[in-house]
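A.B. asks: See input-v4.json below, with JSON, C-alpha atoms.
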```json
[["chain", "number", "residue", "atom", "x", "y", "z"],
["A", 18, "MET", "CA", 15.86, -23.18, -6.56],
["A", 19, "LEU", "CA", 12.30, -24.09, -5.67],
["A", 20, "GLY", "CA", 10.51, -26.89, -7.44],
["A", 21, "THR", "CA", 7.02, -26.19, -8.75],
["A", 22, "GLY", "CA", 5.31, -28.16, -5.96],
["A", 23, "SER", "CA", 7.13, -26.41, -3.13],
["A", 24, "TYR", "CA", 6.60, -23.04, -4.81],
["A", 25, "ILE", "CA", 2.85, -23.64, -5.09],
["A", 26, "SER", "CA", 2.58, -24.81, -1.47],
["A", 27, "GLN", "CA", 4.52, -21.73, -0.40],
["A", 28, "LEU", "CA", 2.10, -19.50, -2.33],
["A", 29, "LEU", "CA", -0.89, -21.09, -0.64],
["A", 30, "ASN", "CA", 0.49, -20.18, 2.79],
["A", 31, "MET", "CA", 1.09, -16.51, 1.96],
["A", 32, "PRO", "CA", -1.49, -13.72, 1.87],
["A", 33, "HIS", "CA", -2.22, -12.66, -1.66],
["A", 34, "ILE", "CA", -4.22, -9.78, -2.99],
["A", 35, "HIS", "CA", -4.68, -11.50, -6.33],
["A", 36, "GLU", "CA", -3.98, -15.01, -7.59],
["A", 37, "LYS", "CA", -1.71, -13.77, -10.39],
["A", 38, "ILE", "CA", 0.07, -10.85, -8.76],
["A", 39, "ASP", "CA", 1.67, -10.30, -5.39],
["A", 40, "PHE", "CA", 2.83, -7.05, -3.84],
["A", 41, "ALA", "CA", 6.08, -6.71, -1.94],
["A", 42, "VAL", "CA", 8.38, -4.00, -0.59],
["A", 43, "ASP", "CA", 12.14, -3.55, -0.72],
["A", 44, "VAL", "CA", 13.62, -1.16, 1.82],
["A", 45, "PHE", "CA", 17.01, 0.45, 1.43],
["A", 46, "VAL", "CA", 18.15, 1.32, 4.94],
["A", 47, "VAL", "CA", 20.69, 4.12, 4.66],
["A", 48, "TYR", "CA", 22.90, 5.43, 7.47],
["A", 49, "LYS", "CA", 25.39, 8.16, 6.59],
["A", 50, "ASP", "CA", 27.03, 6.75, 3.44],
["A", 51, "THR", "CA", 26.23, 3.08, 4.08],
["A", 52, "VAL", "CA", 23.35, 0.97, 2.73],
["A", 53, "LEU", "CA", 22.25, -2.11, 4.65],
["A", 54, "ILE", "CA", 21.75, -5.30, 2.66],
["A", 55, "ARG", "CA", 21.33, -8.83, 3.97],
["A", 56, "LYS", "CA", 21.91, -12.31, 2.67],
["A", 57, "HIS", "CA", 18.51, -13.84, 1.96],
["A", 58, "ASP", "CA", 18.10, -17.14, 3.81],
["A", 59, "LYS", "CA", 16.10, -18.89, 1.10],
["A", 60, "TYR", "CA", 17.69, -17.52, -2.08],
["A", 61, "ASP", "CA", 21.29, -17.19, -0.82],
["A", 62, "LYS", "CA", 21.63, -13.75, -2.46],
["A", 63, "TRP", "CA", 22.48, -10.32, -1.08],
["A", 64, "LEU", "CA", 19.30, -8.25, -1.22],
["A", 65, "ALA", "CA", 17.66, -5.21, 0.31],
["A", 66, "VAL", "CA", 15.44, -5.83, 3.32],
["A", 67, "GLY", "CA", 11.88, -6.56, 2.27],
["A", 68, "GLY", "CA", 9.01, -8.92, 1.82],
["A", 69, "HIS", "CA", 5.34, -9.35, 1.07],
["A", 70, "ILE", "CA", 2.73, -6.74, 1.92],
["A", 71, "GLU", "CA", 0.14, -8.31, 4.23],
["A", 72, "LEU", "CA", -3.56, -7.96, 3.38],
["A", 73, "ASP", "CA", -4.23, -5.64, 6.33],
["A", 74, "GLU", "CA", -1.38, -3.15, 5.75],
["A", 75, "ASP", "CA", -0.24, -0.55, 3.27],
["A", 76, "HIS", "CA", 3.22, -0.46, 1.71],
["A", 77, "ASN", "CA", 4.56, 2.02, 4.29],
["A", 78, "GLN", "CA", 3.49, -0.23, 7.18],
["A", 79, "ALA", "CA", 4.93, -3.28, 5.39],
["A", 80, "ALA", "CA", 8.29, -1.54, 4.93],
["A", 81, "LEU", "CA", 8.55, -0.71, 8.64],
["A", 82, "ARG", "CA", 7.44, -4.21, 9.68],
["A", 83, "GLU", "CA", 9.85, -6.00, 7.34],
["A", 84, "VAL", "CA", 12.86, -3.99, 8.56],
["A", 85, "LYS", "CA", 11.94, -4.74, 12.19],
["A", 86, "GLU", "CA", 11.36, -8.46, 11.49],
["A", 87, "GLU", "CA", 14.42, -9.05, 9.33],
["A", 88, "VAL", "CA", 17.13, -6.89, 10.89],
["A", 89, "GLY", "CA", 15.64, -5.72, 14.21],
["A", 90, "LEU", "CA", 15.76, -1.99, 13.47],
["A", 91, "ASP", "CA", 13.16, 0.70, 14.03],
["A", 92, "VAL", "CA", 13.49, 3.05, 11.07],
["A", 93, "GLU", "CA", 11.82, 6.12, 9.63],
["A", 94, "ILE", "CA", 10.68, 6.27, 6.03],
["A", 95, "VAL", "CA", 11.82, 9.52, 4.47],
["A", 96, "GLY", "CA", 10.25, 11.30, 1.53],
["A", 97, "GLU", "CA", 7.61, 13.84, 0.68],
["A", 98, "ARG", "CA", 3.92, 13.27, 1.17],
["A", 99, "ALA", "CA", 1.45, 14.92, -1.16],
["A", 100, "ASP", "CA", -0.39, 17.69, 0.67],
["A", 101, "ILE", "CA", -3.97, 17.82, -0.51],
["A", 102, "GLY", "CA", -5.28, 19.51, 2.62],
["A", 103, "GLU", "CA", -7.14, 16.58, 4.18],
["A", 104, "GLY", "CA", -4.74, 15.89, 7.04],
["A", 105, "ASN", "CA", -4.66, 12.59, 8.90],
["A", 106, "SER", "CA", -8.22, 12.45, 10.14],
["A", 107, "GLY", "CA", -11.44, 10.65, 9.38],
["A", 108, "GLY", "CA", -9.73, 7.44, 8.26],
["A", 109, "TYR", "CA", -7.78, 9.23, 5.54],
["A", 110, "TRP", "CA", -4.04, 9.79, 5.35],
["A", 111, "GLU", "CA", -1.40, 10.33, 2.72],
["A", 112, "LEU", "CA", 1.15, 7.57, 2.10],
["A", 113, "LEU", "CA", 4.72, 8.14, 1.05],
["A", 114, "PRO", "CA", 4.80, 7.01, -2.59],
["A", 115, "PRO", "CA", 7.18, 4.23, -3.63],
["A", 116, "ARG", "CA", 10.47, 5.51, -5.02],
["A", 117, "PHE", "CA", 10.59, 2.80, -7.68],
["A", 118, "MET", "CA", 8.15, 0.18, -8.93],
["A", 119, "ASN", "CA", 8.67, -2.87, -11.12],
["A", 120, "ILE", "CA", 7.03, -6.07, -12.25],
["A", 121, "HIS", "CA", 9.01, -9.26, -12.47],
["A", 122, "ASN", "CA", 8.44, -12.98, -12.81],
["A", 123, "ILE", "CA", 9.33, -14.93, -9.67],
["A", 124, "SER", "CA", 8.49, -18.41, -10.94],
["A", 125, "GLY", "CA", 12.14, -19.06, -11.75],
["A", 126, "LEU", "CA", 13.44, -18.45, -8.23]]
```
Please re-express this file's structure in C-alpha coordinates.
C.D. replies:
Amino acid sequence: MLGTGSYISQLLNMPHIHEKIDFAVDVFVVYKDTVLIRKHDKYDKWLAVGGHIELDEDHNQAALREVKEEVGLDVEIVGERADIGEGNSGGYWELLPPRFMNIHNISGL
(Lines of atoms letter the chains of each structure in order from A and count residues from 1; the text may use other names and numbers.)
(Lines give C-alpha, C1' and ligand atoms only; values in the text may rest on other atoms or scores of the structure.)
Protein backbone atom coordinates (compact mmCIF):
# COMPACT_ATOMS: atom_id res chain seq x y z
CA MET A 1 0.00 0.00 0.00
CA LEU A 2 1.30 3.44 -0.87
CA GLY A 3 1.52 6.16 1.73
CA THR A 4 0.09 9.56 0.84
CA GLY A 5 3.53 11.13 0.32
CA SER A 6 4.79 8.44 -2.05
CA TYR A 7 1.47 8.46 -3.90
CA ILE A 8 1.64 12.22 -4.43
CA SER A 9 5.27 12.08 -5.60
CA GLN A 10 4.32 9.29 -7.98
CA LEU A 11 1.49 11.42 -9.39
CA LEU A 12 3.83 14.33 -10.00
CA ASN A 13 6.06 12.15 -12.18
CA MET A 14 3.25 10.85 -14.39
CA PRO A 15 1.58 12.65 -17.29
CA HIS A 16 -1.89 13.76 -16.39
CA ILE A 17 -4.62 15.22 -18.51
CA HIS A 18 -6.33 16.70 -15.48
CA GLU A 19 -5.32 17.12 -11.84
CA LYS A 20 -8.35 15.19 -10.56
CA ILE A 21 -8.75 12.48 -13.19
CA ASP A 22 -6.35 10.19 -14.98
CA PHE A 23 -7.00 8.01 -18.01
CA ALA A 24 -5.70 4.48 -18.32
CA VAL A 25 -6.21 1.39 -20.46
CA ASP A 26 -6.63 -2.28 -19.60
CA VAL A 27 -5.97 -4.74 -22.40
CA PHE A 28 -7.28 -8.29 -22.40
CA VAL A 29 -4.95 -10.24 -24.66
CA VAL A 30 -6.84 -13.29 -25.91
CA TYR A 31 -5.35 -16.23 -27.80
CA LYS A 32 -7.69 -19.09 -28.67
CA ASP A 33 -9.45 -19.72 -25.34
CA THR A 34 -6.79 -18.20 -23.09
CA VAL A 35 -6.61 -14.70 -21.59
CA LEU A 36 -3.24 -13.26 -20.59
CA ILE A 37 -3.00 -11.65 -17.16
CA ARG A 38 0.13 -10.64 -15.28
CA LYS A 39 1.09 -10.12 -11.68
CA HIS A 40 1.46 -6.37 -11.14
CA ASP A 41 4.88 -5.54 -9.71
CA LYS A 42 3.73 -2.71 -7.48
CA TYR A 43 0.32 -3.95 -6.30
CA ASP A 44 1.10 -7.69 -6.15
CA LYS A 45 -2.24 -8.53 -7.82
CA TRP A 46 -3.13 -10.43 -10.98
CA LEU A 47 -4.40 -7.88 -13.49
CA ALA A 48 -4.90 -7.33 -17.19
CA VAL A 49 -2.07 -5.64 -19.04
CA GLY A 50 -2.44 -1.87 -18.99
CA GLY A 51 -1.40 1.51 -17.78
CA HIS A 52 -1.70 5.25 -18.16
CA ILE A 53 -2.49 6.95 -21.45
CA GLU A 54 0.33 9.36 -22.29
CA LEU A 55 -0.51 12.95 -23.22
CA ASP A 56 0.55 12.48 -26.86
CA GLU A 57 -1.41 9.27 -27.60
CA ASP A 58 -4.96 8.03 -27.91
CA HIS A 59 -6.33 5.02 -26.06
CA ASN A 60 -5.69 2.65 -29.00
CA GLN A 61 -2.02 3.67 -29.17
CA ALA A 62 -1.72 3.37 -25.37
CA ALA A 63 -3.15 -0.16 -25.45
CA LEU A 64 -0.62 -1.31 -28.06
CA ARG A 65 2.28 0.39 -26.25
CA GLU A 66 1.38 -1.03 -22.83
CA VAL A 67 1.16 -4.61 -24.15
CA LYS A 68 4.56 -4.24 -25.85
CA GLU A 69 6.17 -2.66 -22.75
CA GLU A 70 4.71 -5.02 -20.16
CA VAL A 71 4.69 -8.41 -21.88
CA GLY A 72 6.72 -7.91 -25.07
CA LEU A 73 3.95 -8.78 -27.52
CA ASP A 74 2.87 -7.05 -30.71
CA VAL A 75 -0.90 -7.38 -30.81
CA GLU A 76 -3.84 -6.26 -32.91
CA ILE A 77 -6.84 -4.52 -31.39
CA VAL A 78 -10.01 -6.10 -32.71
CA GLY A 79 -13.42 -4.48 -32.95
CA GLU A 80 -15.55 -2.42 -35.26
CA ARG A 81 -14.77 1.15 -36.21
CA ALA A 82 -17.59 3.53 -36.97
CA ASP A 83 -17.68 4.27 -40.69
CA ILE A 84 -18.67 7.87 -41.23
CA GLY A 85 -17.09 8.13 -44.67
CA GLU A 86 -14.10 10.31 -43.82
CA GLY A 87 -11.40 7.65 -44.13
CA ASN A 88 -7.97 8.01 -42.57
CA SER A 89 -6.83 11.21 -44.22
CA GLY A 90 -6.36 14.85 -43.39
CA GLY A 91 -5.42 14.20 -39.76
CA TYR A 92 -8.70 12.43 -39.06
CA TRP A 93 -9.24 8.77 -38.25
CA GLU A 94 -11.72 6.62 -36.40
CA LEU A 95 -10.66 4.97 -33.15
CA LEU A 96 -11.89 1.64 -31.91
CA PRO A 97 -14.20 2.52 -29.01
CA PRO A 98 -13.45 1.12 -25.56
CA ARG A 99 -15.38 -2.06 -24.78
CA PHE A 100 -15.96 -1.02 -21.16
CA MET A 101 -15.42 2.17 -19.20
CA ASN A 102 -15.43 2.82 -15.46
CA ILE A 103 -14.47 5.37 -12.85
CA HIS A 104 -12.82 4.29 -9.65
CA ASN A 105 -10.92 5.79 -6.75
CA ILE A 106 -7.24 4.82 -6.68
CA SER A 107 -6.24 6.70 -3.54
CA GLY A 108 -6.57 3.53 -1.47
CA LEU A 109 -4.08 1.49 -3.49
A.B. asks: Compile the contact shell of segment 89-100 of chain A as a CSV table (one decimal) with C-alpha atoms, keeping the file's coordinate frame: residues with an atom at most 10 Å away, counting only C-alpha atoms, same-chain residues fewer than 4 positions apart removed.
C.D. replies:
```csv
chain,number,residue,atom,x,y,z
A,44,VAL,CA,13.6,-1.2,1.8
A,45,PHE,CA,17.0,0.4,1.4
A,46,VAL,CA,18.2,1.3,4.9
A,47,VAL,CA,20.7,4.1,4.7
A,77,ASN,CA,4.6,2.0,4.3
A,78,GLN,CA,3.5,-0.2,7.2
A,80,ALA,CA,8.3,-1.5,4.9
A,81,LEU,CA,8.6,-0.7,8.6
A,82,ARG,CA,7.4,-4.2,9.7
A,83,GLU,CA,9.8,-6.0,7.3
A,84,VAL,CA,12.9,-4.0,8.6
A,85,LYS,CA,11.9,-4.7,12.2
A,104,GLY,CA,-4.7,15.9,7.0
A,110,TRP,CA,-4.0,9.8,5.4
A,111,GLU,CA,-1.4,10.3,2.7
A,112,LEU,CA,1.2,7.6,2.1
A,113,LEU,CA,4.7,8.1,1.0
A,114,PRO,CA,4.8,7.0,-2.6
A,115,PRO,CA,7.2,4.2,-3.6
A,116,ARG,CA,10.5,5.5,-5.0
```
A.B. asks: One decimal, in Å: what's the spacing between atom CA of Trp63 of chain A and atom CA of His76 of chain A?
C.D. replies: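 Going from atom CA of Trp63 of chain A over to atom CA of His76 of chain A, I get 21.8 Å.
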A.B. asks: What is the distance, in Å and to one decimal place, between atom CA of Arg55 of chain A and atom CA of Asp75 of chain A?
C.D. replies: 23.1 Å
A.B. asks: What gap, in Å, lies between atom CA of Thr51 of chain A and atom CA of Asn122 of chain A?
C.D. replies: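 Atom CA of Thr51 of chain A sits 29.3 Å away from atom CA of Asn122 of chain A.
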A.B. asks: Can you tell me which residues surround Lys56 of chain A at a distance of at most 12 Å, considering all atoms listed in the file, apart from same-chain residues fewer than 3 positions away, and format the answer as a PyMOL selection string?
C.D. replies: chain A and resi 53+59-67+87-88
